[in-house]
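Undergrad: Below you'll find input00.txt; it's compact mmCIF, C-alpha atoms and all ligand atoms.
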# COMPACT_ATOMS: atom_id res chain seq x y z
CA MET A 220 -92.31 16.39 36.06
CA SER A 221 -89.93 16.90 33.12
CA GLU A 222 -91.84 20.16 32.53
CA GLN A 223 -90.61 21.33 35.96
CA PHE A 224 -87.10 19.99 35.33
CA ASN A 225 -87.02 21.94 32.11
CA ASP A 226 -87.93 25.17 33.92
CA VAL A 227 -84.86 24.69 36.13
CA ILE A 228 -82.57 24.02 33.16
CA ARG A 229 -83.95 27.05 31.32
CA PHE A 230 -83.42 29.28 34.35
CA ILE A 231 -79.77 28.16 34.78
CA ARG A 232 -78.96 28.63 31.09
CA GLU A 233 -80.51 32.09 31.08
CA TYR A 234 -78.80 33.13 34.29
CA TYR A 235 -75.35 32.20 32.99
CA HIS A 236 -76.06 33.45 29.43
CA GLN A 237 -75.02 30.01 28.25
CA PRO A 238 -77.58 28.70 25.76
CA GLU A 239 -75.81 25.42 24.95
CA GLY A 240 -72.39 24.66 26.43
CA PRO A 241 -71.56 22.86 29.68
CA ILE A 242 -72.25 24.65 32.97
CA ALA A 243 -70.06 23.70 35.93
CA LEU A 244 -71.15 23.29 39.54
CA HIS A 245 -68.69 25.94 40.69
CA GLU A 246 -65.89 27.53 38.74
CA PRO A 247 -63.52 30.33 39.69
CA LEU A 248 -63.65 33.88 38.35
CA PHE A 249 -60.51 36.00 37.87
CA ILE A 250 -61.49 39.57 37.01
CA GLY A 251 -59.52 41.57 39.58
CA ASN A 252 -55.82 41.85 40.39
CA GLU A 253 -55.09 38.12 39.97
CA ARG A 254 -52.79 38.43 36.93
CA LYS A 255 -51.03 41.50 38.30
CA TYR A 256 -50.22 39.94 41.68
CA VAL A 257 -49.19 36.54 40.30
CA MET A 258 -46.86 38.20 37.74
CA ASP A 259 -45.44 40.35 40.51
CA ALA A 260 -44.74 37.23 42.62
CA ILE A 261 -42.95 35.62 39.65
CA ASP A 262 -40.91 38.77 38.99
CA SER A 263 -39.89 38.93 42.64
CA THR A 264 -38.55 35.30 42.42
CA PHE A 265 -40.28 34.67 45.77
CA VAL A 266 -42.65 32.01 44.48
CA SER A 267 -42.30 29.52 47.32
CA SER A 268 -42.98 29.54 51.04
CA ILE A 269 -41.60 33.00 51.83
CA GLY A 270 -42.92 36.23 50.37
CA LYS A 271 -44.99 39.31 50.94
CA TYR A 272 -48.23 37.85 49.57
CA VAL A 273 -48.29 35.11 52.21
CA ASP A 274 -48.02 37.75 54.94
CA ARG A 275 -50.53 40.00 53.20
CA PHE A 276 -53.03 37.17 52.77
CA GLU A 277 -52.78 36.25 56.44
CA SER A 278 -53.38 39.88 57.44
CA MET A 279 -56.37 40.11 55.11
CA VAL A 280 -57.91 36.97 56.62
CA LYS A 281 -57.41 38.30 60.15
CA GLU A 282 -58.97 41.61 59.25
CA TYR A 283 -61.86 40.06 57.31
CA THR A 284 -62.79 37.38 59.83
CA GLY A 285 -61.78 39.09 63.03
CA ALA A 286 -59.69 36.06 64.01
CA GLY A 287 -56.68 36.88 66.16
CA HIS A 288 -54.29 34.71 64.15
CA ALA A 289 -54.27 33.28 60.63
CA VAL A 290 -51.77 30.85 59.10
CA ALA A 291 -51.93 30.13 55.37
CA THR A 292 -51.56 26.49 54.30
CA ALA A 293 -51.13 24.47 51.10
CA ASN A 294 -54.79 23.38 51.19
CA GLY A 295 -57.80 23.10 53.47
CA SER A 296 -57.13 19.48 54.39
CA ALA A 297 -53.65 20.42 55.65
CA ALA A 298 -55.20 23.28 57.66
CA LEU A 299 -57.72 20.92 59.25
CA HIS A 300 -55.06 18.28 59.96
CA VAL A 301 -52.93 20.78 61.87
CA ALA A 302 -56.05 22.18 63.59
CA LEU A 303 -56.74 18.73 65.07
CA ILE A 304 -53.15 18.44 66.30
CA LEU A 305 -53.44 21.88 67.89
CA ALA A 306 -56.72 20.85 69.52
CA GLY A 307 -54.85 18.03 71.26
CA VAL A 308 -56.48 15.10 69.48
CA LYS A 309 -54.46 11.95 70.18
CA ARG A 310 -54.23 8.40 68.84
CA ASP A 311 -57.32 6.26 69.61
CA ASP A 312 -59.47 9.26 70.55
CA LEU A 313 -62.95 9.72 69.16
CA VAL A 314 -63.72 12.94 67.28
CA ILE A 315 -67.37 13.92 66.81
CA THR A 316 -68.40 15.07 63.36
CA GLN A 317 -71.35 14.90 60.97
CA PRO A 318 -71.76 12.06 58.43
CA MET A 319 -72.72 14.49 55.66
CA THR A 320 -69.45 16.22 54.85
CA PHE A 321 -66.61 16.07 52.36
CA VAL A 322 -64.32 13.08 52.99
CA ALA A 323 -61.38 15.32 54.00
CA THR A 324 -63.05 16.00 57.38
CA CYS A 325 -62.84 12.30 58.24
CA ASN A 326 -59.50 11.67 56.56
CA VAL A 327 -57.73 14.18 58.80
CA ILE A 328 -59.30 12.58 61.89
CA ASN A 329 -57.70 9.35 60.69
CA TYR A 330 -54.33 11.09 60.03
CA VAL A 331 -54.01 11.82 63.76
CA GLY A 332 -54.91 8.23 64.65
CA ALA A 333 -58.43 8.97 65.88
CA ASP A 334 -61.81 7.78 64.62
CA PRO A 335 -64.89 9.81 63.72
CA LEU A 336 -68.02 9.46 65.85
CA PHE A 337 -70.97 10.42 63.67
CA ILE A 338 -73.80 12.61 64.96
CA ASP A 339 -76.73 13.61 62.77
CA ILE A 340 -77.21 16.90 60.96
CA ASP A 341 -79.90 19.47 61.61
CA LYS A 342 -82.63 19.74 58.95
CA LYS A 343 -82.33 23.52 58.71
CA THR A 344 -78.55 24.10 58.83
CA LEU A 345 -77.57 20.81 57.12
CA GLY A 346 -74.63 20.80 59.55
CA LEU A 347 -74.12 19.12 62.93
CA SER A 348 -77.29 19.13 65.06
CA ALA A 349 -76.86 20.61 68.54
CA ALA A 350 -79.94 18.75 69.84
CA LYS A 351 -78.79 15.37 68.53
CA LEU A 352 -75.30 16.04 69.90
CA LYS A 353 -76.66 16.83 73.35
CA GLU A 354 -78.95 13.79 73.36
CA PHE A 355 -76.13 11.46 72.31
CA LEU A 356 -73.68 12.78 74.88
CA ASN A 357 -76.25 12.69 77.69
CA GLN A 358 -77.18 9.08 76.91
CA ASN A 359 -73.78 7.62 76.03
CA CYS A 360 -70.99 9.68 77.54
CA LEU A 361 -69.58 10.85 80.85
CA VAL A 362 -66.92 13.23 82.09
CA SER A 363 -64.14 11.71 84.18
CA LYS A 364 -61.22 13.77 85.54
CA GLY A 365 -62.13 16.60 83.21
CA GLU A 366 -62.25 14.49 80.04
CA ALA A 367 -65.22 13.16 78.06
CA PHE A 368 -65.55 9.41 77.51
CA HIS A 369 -67.85 7.31 75.38
CA LYS A 370 -69.08 4.80 77.95
CA SER A 371 -69.49 1.56 76.00
CA SER A 372 -66.15 1.84 74.14
CA ASN A 373 -64.35 3.58 77.03
CA ARG A 374 -62.70 5.88 74.50
CA ARG A 375 -61.89 9.53 75.07
CA ILE A 376 -63.80 12.11 73.01
CA SER A 377 -61.32 14.93 72.55
CA ALA A 378 -62.84 17.15 69.87
CA CYS A 379 -65.97 17.99 67.92
CA VAL A 380 -65.71 19.11 64.29
CA PRO A 381 -68.92 20.73 63.03
CA MET A 382 -68.86 21.62 59.32
CA HIS A 383 -70.67 24.67 57.89
CA THR A 384 -72.31 22.78 55.04
CA PHE A 385 -72.46 24.62 51.70
CA GLY A 386 -71.57 27.81 53.60
CA HIS A 387 -74.57 27.75 55.98
CA PRO A 388 -73.37 28.18 59.58
CA VAL A 389 -74.23 25.49 62.15
CA GLU A 390 -75.96 26.29 65.48
CA LEU A 391 -72.71 27.56 66.96
CA ASP A 392 -73.95 28.87 70.33
CA GLU A 393 -75.71 25.63 71.18
CA ILE A 394 -72.89 23.39 69.95
CA MET A 395 -70.27 25.41 71.83
CA ASP A 396 -72.39 25.18 75.02
CA VAL A 397 -72.89 21.42 74.83
CA CYS A 398 -69.22 20.80 74.07
CA LYS A 399 -68.16 23.08 76.91
CA SER A 400 -70.26 21.10 79.39
CA TYR A 401 -68.38 17.92 78.36
CA ASN A 402 -64.95 19.59 78.03
CA ILE A 403 -64.85 18.74 74.34
CA VAL A 404 -62.78 21.10 72.17
CA VAL A 405 -64.54 22.55 69.11
CA VAL A 406 -62.67 22.71 65.80
CA GLU A 407 -64.71 24.32 63.01
CA ASP A 408 -64.41 22.83 59.55
CA ALA A 409 -65.06 26.19 57.91
CA ALA A 410 -63.69 24.98 54.54
CA GLU A 411 -66.88 26.05 52.73
CA SER A 412 -67.84 29.10 54.75
CA ILE A 413 -65.46 31.97 54.03
CA GLY A 414 -67.60 35.11 54.32
CA SER A 415 -70.38 33.37 56.32
CA LYS A 416 -71.37 34.75 59.69
CA TYR A 417 -73.23 33.56 62.75
CA LYS A 418 -74.95 36.30 64.76
CA GLY A 419 -72.75 38.86 62.99
CA LYS A 420 -69.49 37.08 63.83
CA HIS A 421 -67.45 35.28 61.17
CA THR A 422 -67.44 31.47 61.12
CA GLY A 423 -64.04 30.10 62.00
CA THR A 424 -63.73 32.39 65.04
CA PHE A 425 -65.83 30.35 67.51
CA GLY A 426 -63.88 27.10 67.83
CA LEU A 427 -60.48 26.85 69.52
CA VAL A 428 -59.01 26.39 66.02
CA SER A 429 -60.66 26.46 62.57
CA ALA A 430 -59.78 25.67 58.97
CA PHE A 431 -60.83 27.28 55.68
CA SER A 432 -60.21 26.06 52.12
CA LEU A 433 -59.33 28.07 49.01
CA ASN A 434 -59.53 25.12 46.65
CA GLY A 435 -60.50 25.82 43.03
CA ASN A 436 -64.16 24.96 43.58
CA LYS A 437 -64.69 27.09 46.71
CA THR A 438 -66.13 30.64 46.89
CA ILE A 439 -62.67 32.17 46.37
CA THR A 440 -59.54 30.27 45.37
CA SER A 441 -55.75 30.38 45.46
CA GLY A 442 -55.52 27.39 43.11
CA GLY A 443 -54.91 25.19 46.12
CA GLY A 444 -54.82 26.67 49.57
CA GLY A 445 -56.20 26.89 53.05
CA VAL A 446 -55.91 28.87 56.23
CA ILE A 447 -55.92 28.05 59.94
CA THR A 448 -57.56 30.62 62.23
CA THR A 449 -57.48 30.85 66.02
CA ASN A 450 -57.80 33.48 68.73
CA ASN A 451 -55.20 31.72 70.86
CA ALA A 452 -51.75 33.31 70.43
CA THR A 453 -49.83 30.20 71.53
CA LEU A 454 -51.72 28.01 69.08
CA GLY A 455 -51.32 30.62 66.34
CA LYS A 456 -47.55 30.49 66.76
CA LEU A 457 -47.54 26.71 66.92
CA ALA A 458 -49.67 26.55 63.75
CA LYS A 459 -47.04 28.47 61.83
CA HIS A 460 -44.25 26.37 63.36
CA LEU A 461 -45.84 22.98 62.55
CA THR A 462 -46.73 24.00 58.99
CA THR A 463 -43.13 25.06 58.29
CA GLN A 464 -41.34 21.79 59.23
CA ALA A 465 -41.05 22.89 62.88
CA LYS A 466 -37.75 24.60 62.09
CA VAL A 467 -36.15 26.45 64.96
CA PRO A 468 -35.31 29.95 63.67
CA HIS A 469 -31.58 30.44 63.12
CA PRO A 470 -29.60 32.31 60.40
CA TRP A 471 -27.92 29.12 59.12
CA GLU A 472 -28.46 26.05 61.31
CA PHE A 473 -31.08 23.38 60.63
CA ASN A 474 -32.78 22.44 63.86
CA HIS A 475 -36.29 21.07 64.30
CA ASP A 476 -38.08 20.51 67.59
CA HIS A 477 -41.27 18.66 66.49
CA VAL A 478 -42.36 16.40 63.70
CA GLY A 479 -43.40 19.14 61.29
CA TYR A 480 -45.15 19.40 57.95
CA ASN A 481 -44.44 21.08 54.63
CA TYR A 482 -47.91 22.64 54.67
CA ARG A 483 -47.10 26.29 53.98
CA MET A 484 -48.98 28.12 51.22
CA PRO A 485 -46.55 29.13 48.44
CA ASN A 486 -46.27 32.87 47.74
CA LEU A 487 -47.44 32.26 44.16
CA ASN A 488 -50.75 30.91 45.45
CA ALA A 489 -50.95 33.63 48.08
CA ALA A 490 -50.74 36.25 45.32
CA LEU A 491 -53.87 34.73 43.78
CA ALA A 492 -55.47 34.52 47.24
CA CYS A 493 -54.91 38.24 47.92
CA ALA A 494 -56.55 39.23 44.65
CA GLN A 495 -59.52 36.93 45.37
CA MET A 496 -59.93 38.28 48.91
CA GLU A 497 -60.39 41.72 47.35
CA MET A 498 -63.36 40.30 45.40
CA LEU A 499 -64.96 38.32 48.21
CA ASP A 500 -67.74 40.72 49.25
CA ARG A 501 -68.79 41.34 45.66
CA PHE A 502 -68.77 37.61 44.95
CA ILE A 503 -70.98 36.93 47.96
CA ASP A 504 -73.45 39.66 46.92
CA LYS A 505 -73.74 37.93 43.55
CA LYS A 506 -74.10 34.50 45.13
CA ARG A 507 -76.84 35.70 47.44
CA GLU A 508 -78.67 37.27 44.52
CA LEU A 509 -78.57 33.94 42.66
CA ALA A 510 -79.75 32.10 45.78
CA ASN A 511 -82.73 34.41 45.95
CA GLN A 512 -83.64 33.66 42.36
CA TYR A 513 -83.35 29.90 42.92
CA LYS A 514 -85.50 30.27 46.04
CA THR A 515 -88.27 31.99 44.07
CA LEU A 516 -88.11 29.41 41.29
CA PHE A 517 -88.28 26.38 43.60
CA GLY A 518 -90.94 28.08 45.71
CA MET A 519 -93.17 28.25 42.63
CA MET A 520 -92.47 24.57 41.98
CA GLY A 521 -93.38 23.57 45.54
CA LEU A 522 -89.87 22.30 46.28
CA GLU A 523 -87.91 23.11 49.41
CA PHE A 524 -84.80 25.25 48.83
CA ALA A 525 -82.03 25.36 51.47
CA VAL A 526 -81.95 28.91 52.86
CA GLU A 527 -79.53 30.44 55.35
CA PRO A 528 -80.43 29.44 58.92
CA LYS A 529 -81.90 31.94 61.39
CA ASP A 530 -79.39 34.47 62.81
CA THR A 531 -76.84 33.72 60.10
CA TYR A 532 -75.44 35.31 56.96
CA SER A 533 -74.46 32.64 54.45
CA ASN A 534 -72.02 32.91 51.55
CA TYR A 535 -74.31 30.43 49.69
CA TRP A 536 -71.26 28.60 48.36
CA LEU A 537 -73.53 25.98 46.78
CA ASN A 538 -77.28 26.26 46.28
CA ASN A 539 -79.33 23.21 47.22
CA VAL A 540 -82.85 21.96 46.65
CA PHE A 541 -84.72 19.03 48.23
CA PHE A 542 -86.51 16.82 45.72
CA ARG A 543 -89.43 14.74 46.96
CA ASP A 544 -87.59 11.41 47.07
CA ARG A 545 -84.50 9.61 45.81
CA ASP A 546 -86.14 8.58 42.54
CA GLU A 547 -87.03 12.14 41.66
CA ARG A 548 -83.53 13.25 42.66
CA ASP A 549 -82.00 10.61 40.38
CA ALA A 550 -84.29 11.57 37.53
CA PHE A 551 -83.22 15.20 37.84
CA LEU A 552 -79.53 14.26 37.98
CA ALA A 553 -79.86 12.22 34.79
CA TYR A 554 -81.91 14.92 33.07
CA SER A 555 -79.63 17.85 33.94
CA ASN A 556 -76.33 16.05 33.36
CA ALA A 557 -77.54 14.80 29.96
CA GLN A 558 -77.85 18.50 29.13
CA LYS A 559 -74.32 19.22 30.39
CA ILE A 560 -75.53 21.01 33.50
CA SER A 561 -73.51 19.84 36.47
CA ALA A 562 -76.09 19.24 39.16
CA ARG A 563 -74.65 16.99 41.90
CA PRO A 564 -75.99 14.84 44.73
CA VAL A 565 -74.57 15.45 48.21
CA TRP A 566 -71.64 13.30 49.34
CA THR A 567 -72.32 9.65 50.13
CA LEU A 568 -72.59 9.63 53.92
CA MET A 569 -69.18 9.08 55.54
CA ASN A 570 -70.44 6.19 57.71
CA LYS A 571 -71.07 4.21 54.50
CA LEU A 572 -67.53 4.52 53.13
CA PRO A 573 -65.33 1.43 53.65
CA MET A 574 -62.78 3.38 55.74
CA PHE A 575 -65.40 4.63 58.20
CA ASN A 576 -68.21 2.07 58.17
CA ASN A 577 -67.20 0.60 61.55
CA CYS A 578 -67.34 3.95 63.32
CA ILE A 579 -69.72 4.70 66.17
CA CYS A 580 -72.90 6.50 65.02
CA GLY A 581 -75.87 8.18 66.63
CA ASP A 582 -79.27 8.24 64.90
CA LEU A 583 -78.55 9.60 61.40
CA SER A 584 -82.06 9.96 59.99
CA ASN A 585 -81.76 13.61 58.91
CA ALA A 586 -78.48 12.96 57.10
CA GLN A 587 -80.00 9.93 55.37
CA ASP A 588 -82.98 12.00 54.26
CA ALA A 589 -80.69 14.72 52.88
CA GLU A 590 -78.54 12.14 51.09
CA ASN A 591 -81.69 10.83 49.41
CA ARG A 592 -83.16 14.14 48.32
CA VAL A 593 -80.68 17.01 48.12
CA ILE A 594 -79.20 18.28 44.87
CA SER A 595 -76.50 20.96 44.56
CA LEU A 596 -77.04 23.32 41.64
CA PRO A 597 -74.61 25.39 39.58
CA SER A 598 -73.55 28.25 41.87
CA SER A 599 -70.56 29.99 40.24
CA VAL A 600 -70.31 33.75 40.46
CA LYS A 601 -71.52 35.25 37.20
CA GLU A 602 -69.29 37.97 35.67
CA LEU A 603 -69.95 41.10 37.69
C1 LIG A 701 -63.04 21.55 50.45
C2 LIG A 701 -63.22 20.93 51.80
C3 LIG A 701 -62.14 20.49 52.58
C4 LIG A 701 -60.73 20.38 52.10
O1 LIG A 701 -60.20 21.44 51.47
P1 LIG A 701 -59.05 21.23 50.36
O2 LIG A 701 -58.56 22.61 50.19
O3 LIG A 701 -59.71 20.67 49.16
O4 LIG A 701 -58.02 20.31 50.94
C5 LIG A 701 -62.39 20.03 53.86
N1 LIG A 701 -63.64 19.97 54.35
C6 LIG A 701 -64.70 20.35 53.62
C7 LIG A 701 -66.04 20.27 54.21
C8 LIG A 701 -64.53 20.83 52.31
O5 LIG A 701 -65.61 21.17 51.59
Kindly return the structure encoded in the file as structure tokens.

TA:
Amino acid sequence: MSEQFNDVIRFIREYYHQPEGPIALHEPLFIGNERKYVMDAIDSTFVSSIGKYVDRFESMVKEYTGAGHAVATANGSAALHVALILAGVKRDDLVITQPMTFVATCNVINYVGADPLFIDIDKKTLGLSAAKLKEFLNQNCLVSKGEAFHKSSNRRISACVPMHTFGHPVELDEIMDVCKSYNIVVVEDAAESIGSKYKGKHTGTFGLVSAFSLNGNKTITSGGGGVITTNNATLGKLAKHLTTQAKVPHPWEFNHDHVGYNYRMPNLNAALACAQMEMLDRFIDKKRELANQYKTLFGMMGLEFAVEPKDTYSNYWLNNVFFRDRDERDAFLAYSNAQKISARPVWTLMNKLPMFNNCICGDLSNAQDAENRVISLPSSVKEL
């Protein structure tokens, strides 16, 4: 076994031309206009929430994704928080999501006073399973006066938040269809999937509202940052309003008509974001090339490598392999980390965390299997 482990370590060290030092799971790469734009933002003195880079970044996101409206935010969690407000999620509602996600997905559900309802992932996409969702809703839920209710708790289910795990798009058509039949609003947690497409259309353009992240460990970064996308003009306007303290425009008066948030992306970060957007396609080409190499390597070892689902184009944010069982996974984690190679397990399932362990769950066997066996491997973009 350690012979096989060693082949993986050797491959990673050769790929990154890094014979000894530490190799991160995902680190950013600044080889374009990053310095130029950030210096320009400083020189302009517009470093905060107003400035041309914020507007430019929002235009670039609209053009790149095809979304009708884009609103830049301080981070992806803030984007997702506002997305849930825009989707109409209210206190004591249930919000469907997958147990295998980053904790921010569930935290924002809590911020609006709702609770997650966990539905299993699909083995192929590693994101929310359309079949499991349909089965759960058919067995446990009903529609009354146009709203979905979970029968045994008598709680309203207002939204469903599928997450495009590691950049691989979920089964969007099927999930949208099931949710439509129960009048459940879809909010895509597209934090990890900038550049990923489903049937040729960009993720984050299917749900009523969606959220992307540009955190330092994502495919492209603005230091910290996020963006809300929607095709609904009213919600697009409201997104900008709520993220800017809900201030009523006026040349000098301070009036606010909602509880708002200081969630706007600063111009300094937007400068970085614009330069990274220019690199996005080249980064994804590189990431897909690396994914292909990992796929060949693990294929020869008889291990299952997570490939982009049918009908999708994945950004391959993180590359993932299934080991045979939890013991083998743990052995690989110990082996690789002892050699300063940052392999990582997937997140502990959300339904096991103390904040969410009383939440309603469907059958979660696929998520449990993935938690036991999946390892994320170093996936940074190598110098072009
Ligand atoms: C990164 C991430 C977020 C949050 O983004 P931040 O920019 O770190 O706030 C939310 N959901 C998922 C699935 C993520 O991976």

Undergrad: Quick one: of A:His383, A:Lys601, A:Lys281, A:Arg563, who's nearest to ligand LIG 701 (chain A), counting only C-alpha atoms and all ligand atoms?

TA: A:His383

Undergrad: Between A:Pro335, A:Pro573, A:Pro318, A:Gly419, single out the one closest to A:Met382, counting all atoms listed in the file.

TA: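 Answer, going by the shortest atom-to-atom distance: A:Pro318.
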
Undergrad: Can you tell me which residues sit at most 8 Å away from ligand LIG 701 (chain A), counting all atoms listed in the file, written as a short mmCIF file (atom, residue, chain, number, x, y, z; two decimals) with C-alpha atoms, in the coordinates of the input?

TA:
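In the end it all went to selection.cif:
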data_model
loop_
_atom_site.label_atom_id
_atom_site.label_comp_id
_atom_site.auth_asym_id
_atom_site.auth_seq_id
_atom_site.Cartn_x
_atom_site.Cartn_y
_atom_site.Cartn_z
CA ALA A 293 -51.13 24.47 51.10
CA ASN A 294 -54.79 23.38 51.19
CA GLY A 295 -57.80 23.10 53.47
CA SER A 296 -57.13 19.48 54.39
CA ALA A 297 -53.65 20.42 55.65
CA ALA A 298 -55.20 23.28 57.66
CA LEU A 299 -57.72 20.92 59.25
CA THR A 320 -69.45 16.22 54.85
CA PHE A 321 -66.61 16.07 52.36
CA VAL A 322 -64.32 13.08 52.99
CA ALA A 323 -61.38 15.32 54.00
CA THR A 324 -63.05 16.00 57.38
CA MET A 382 -68.86 21.62 59.32
CA HIS A 383 -70.67 24.67 57.89
CA THR A 384 -72.31 22.78 55.04
CA PHE A 385 -72.46 24.62 51.70
CA ASP A 408 -64.41 22.83 59.55
CA ALA A 409 -65.06 26.19 57.91
CA ALA A 410 -63.69 24.98 54.54
CA GLU A 411 -66.88 26.05 52.73
CA PHE A 431 -60.83 27.28 55.68
CA SER A 432 -60.21 26.06 52.12
CA LEU A 433 -59.33 28.07 49.01
CA ASN A 434 -59.53 25.12 46.65
CA ASN A 436 -64.16 24.96 43.58
CA LYS A 437 -64.69 27.09 46.71
CA GLY A 443 -54.91 25.19 46.12
CA GLY A 444 -54.82 26.67 49.57
CA GLY A 445 -56.20 26.89 53.05
#

Undergrad: Do you know which residues are at most 9 Å from A:Ser598 counting only C-alpha atoms, after dropping those on the same chain fewer than 6 positions away, and could you put them as a ChimeraX atom specification?

TA: /A:243-246,506,509-510,535-538

Undergrad: Write out the residues from the selection above, keeping C-alpha atoms, as a compact mmCIF listing (two decimals), keeping the file's coordinate frame.

TA:
# COMPACT_ATOMS: atom_id res chain seq x y z
CA ALA A 243 -70.06 23.70 35.93
CA LEU A 244 -71.15 23.29 39.54
CA HIS A 245 -68.69 25.94 40.69
CA GLU A 246 -65.89 27.53 38.74
CA LYS A 506 -74.10 34.50 45.13
CA LEU A 509 -78.57 33.94 42.66
CA ALA A 510 -79.75 32.10 45.78
CA TYR A 535 -74.31 30.43 49.69
CA TRP A 536 -71.26 28.60 48.36
CA LEU A 537 -73.53 25.98 46.78
CA ASN A 538 -77.28 26.26 46.28

Undergrad: Point out the residue among A:Leu499, A:Met279, A:Leu572, A:Ile560 with the least atom-to-atom distance to A:Arg232, counting all atoms listed in the file.

TA: A:Ile560

Undergrad: Counting all atoms listed in the file, which residue out of A:Ser555, A:Lys420, A:Val406, A:Ala490 sits closest to A:Met258?

TA: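 Of A:Ser555, A:Lys420, A:Val406, A:Ala490, the one nearest A:Met258 is A:Ala490, counting all atoms listed in the file.
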
Undergrad: Show which residues sit within 10 Å of A:Tyr256, as JSON, numbers by chain. Count all atoms listed in the file, and ignore same-chain residues fewer than 6 positions away.

TA: {"A": [262, 272, 487, 488, 489, 490, 491, 492, 493, 494]}

Undergrad: Could those residues be written to a file, using C-alpha atoms, as a PDB file, in the frame of the given file?

TA:
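After the write, again15.pdb holds the following:
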ATOM      1  CA  ASP A 262     -40.910  38.770  38.990  1.00  0.00           C
ATOM      2  CA  TYR A 272     -48.230  37.850  49.570  1.00  0.00           C
ATOM      3  CA  LEU A 487     -47.440  32.260  44.160  1.00  0.00           C
ATOM      4  CA  ASN A 488     -50.750  30.910  45.450  1.00  0.00           C
ATOM      5  CA  ALA A 489     -50.950  33.630  48.080  1.00  0.00           C
ATOM      6  CA  ALA A 490     -50.740  36.250  45.320  1.00  0.00           C
ATOM      7  CA  LEU A 491     -53.870  34.730  43.780  1.00  0.00           C
ATOM      8  CA  ALA A 492     -55.470  34.520  47.240  1.00  0.00           C
ATOM      9  CA  CYS A 493     -54.910  38.240  47.920  1.00  0.00           C
ATOM     10  CA  ALA A 494     -56.550  39.230  44.650  1.00  0.00           C
TER      11      ALA A 494
END

Undergrad: Tell me which of A:Met520, A:Val565, A:Ala589, A:Ala557 sits closest to A:Asp544, counting all atoms listed in the file.

TA: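 Closest residue, counting all atoms listed in the file: A:Ala589.
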
Undergrad: With distances taken over all atoms listed in the file, which of A:Ile338, A:Gly285, A:Lys571, A:Gln512 is nearest to A:Glu233?

TA: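 Of A:Ile338, A:Gly285, A:Lys571, A:Gln512, the one nearest A:Glu233 is A:Gln512, counting all atoms listed in the file.
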
Undergrad: Could you give me stretch 299-308 of chain A completed to N, CA, C and O atoms, formatted as an mmCIF file, in the coordinates of the input?

TA:
data_model
loop_
_atom_site.group_PDB
_atom_site.id
_atom_site.type_symbol
_atom_site.label_atom_id
_atom_site.label_comp_id
_atom_site.auth_asym_id
_atom_site.auth_seq_id
_atom_site.Cartn_x
_atom_site.Cartn_y
_atom_site.Cartn_z
ATOM 1 N N LEU A 299 -56.898 21.656 58.295
ATOM 2 C CA LEU A 299 -57.720 20.920 59.250
ATOM 3 C C LEU A 299 -56.896 19.860 60.007
ATOM 4 O O LEU A 299 -57.116 19.615 61.192
ATOM 5 N N HIS A 300 -55.947 19.259 59.316
ATOM 6 C CA HIS A 300 -55.060 18.280 59.960
ATOM 7 C C HIS A 300 -54.307 18.945 61.116
ATOM 8 O O HIS A 300 -54.314 18.454 62.248
ATOM 9 N N VAL A 301 -53.690 20.090 60.830
ATOM 10 C CA VAL A 301 -52.930 20.780 61.870
ATOM 11 C C VAL A 301 -53.877 21.304 62.970
ATOM 12 O O VAL A 301 -53.542 21.265 64.154
ATOM 13 N N ALA A 302 -55.073 21.717 62.588
ATOM 14 C CA ALA A 302 -56.050 22.180 63.590
ATOM 15 C C ALA A 302 -56.345 21.072 64.609
ATOM 16 O O ALA A 302 -56.440 21.333 65.813
ATOM 17 N N LEU A 303 -56.463 19.833 64.140
ATOM 18 C CA LEU A 303 -56.740 18.730 65.070
ATOM 19 C C LEU A 303 -55.554 18.468 65.987
ATOM 20 O O LEU A 303 -55.728 18.162 67.170
ATOM 21 N N ILE A 304 -54.343 18.591 65.451
ATOM 22 C CA ILE A 304 -53.150 18.440 66.300
ATOM 23 C C ILE A 304 -53.141 19.531 67.370
ATOM 24 O O ILE A 304 -52.930 19.258 68.555
ATOM 25 N N LEU A 305 -53.434 20.756 66.954
ATOM 26 C CA LEU A 305 -53.440 21.880 67.890
ATOM 27 C C LEU A 305 -54.526 21.723 68.951
ATOM 28 O O LEU A 305 -54.380 22.180 70.085
ATOM 29 N N ALA A 306 -55.616 21.067 68.578
ATOM 30 C CA ALA A 306 -56.720 20.850 69.520
ATOM 31 C C ALA A 306 -56.391 19.748 70.514
ATOM 32 O O ALA A 306 -57.167 19.485 71.435
ATOM 33 N N GLY A 307 -55.274 19.063 70.308
ATOM 34 C CA GLY A 307 -54.850 18.030 71.260
ATOM 35 C C GLY A 307 -55.461 16.666 71.000
ATOM 36 O O GLY A 307 -55.487 15.820 71.894
ATOM 37 N N VAL A 308 -55.924 16.423 69.799
ATOM 38 C CA VAL A 308 -56.480 15.100 69.480
ATOM 39 C C VAL A 308 -55.322 14.100 69.424
ATOM 40 O O VAL A 308 -54.294 14.362 68.797
#
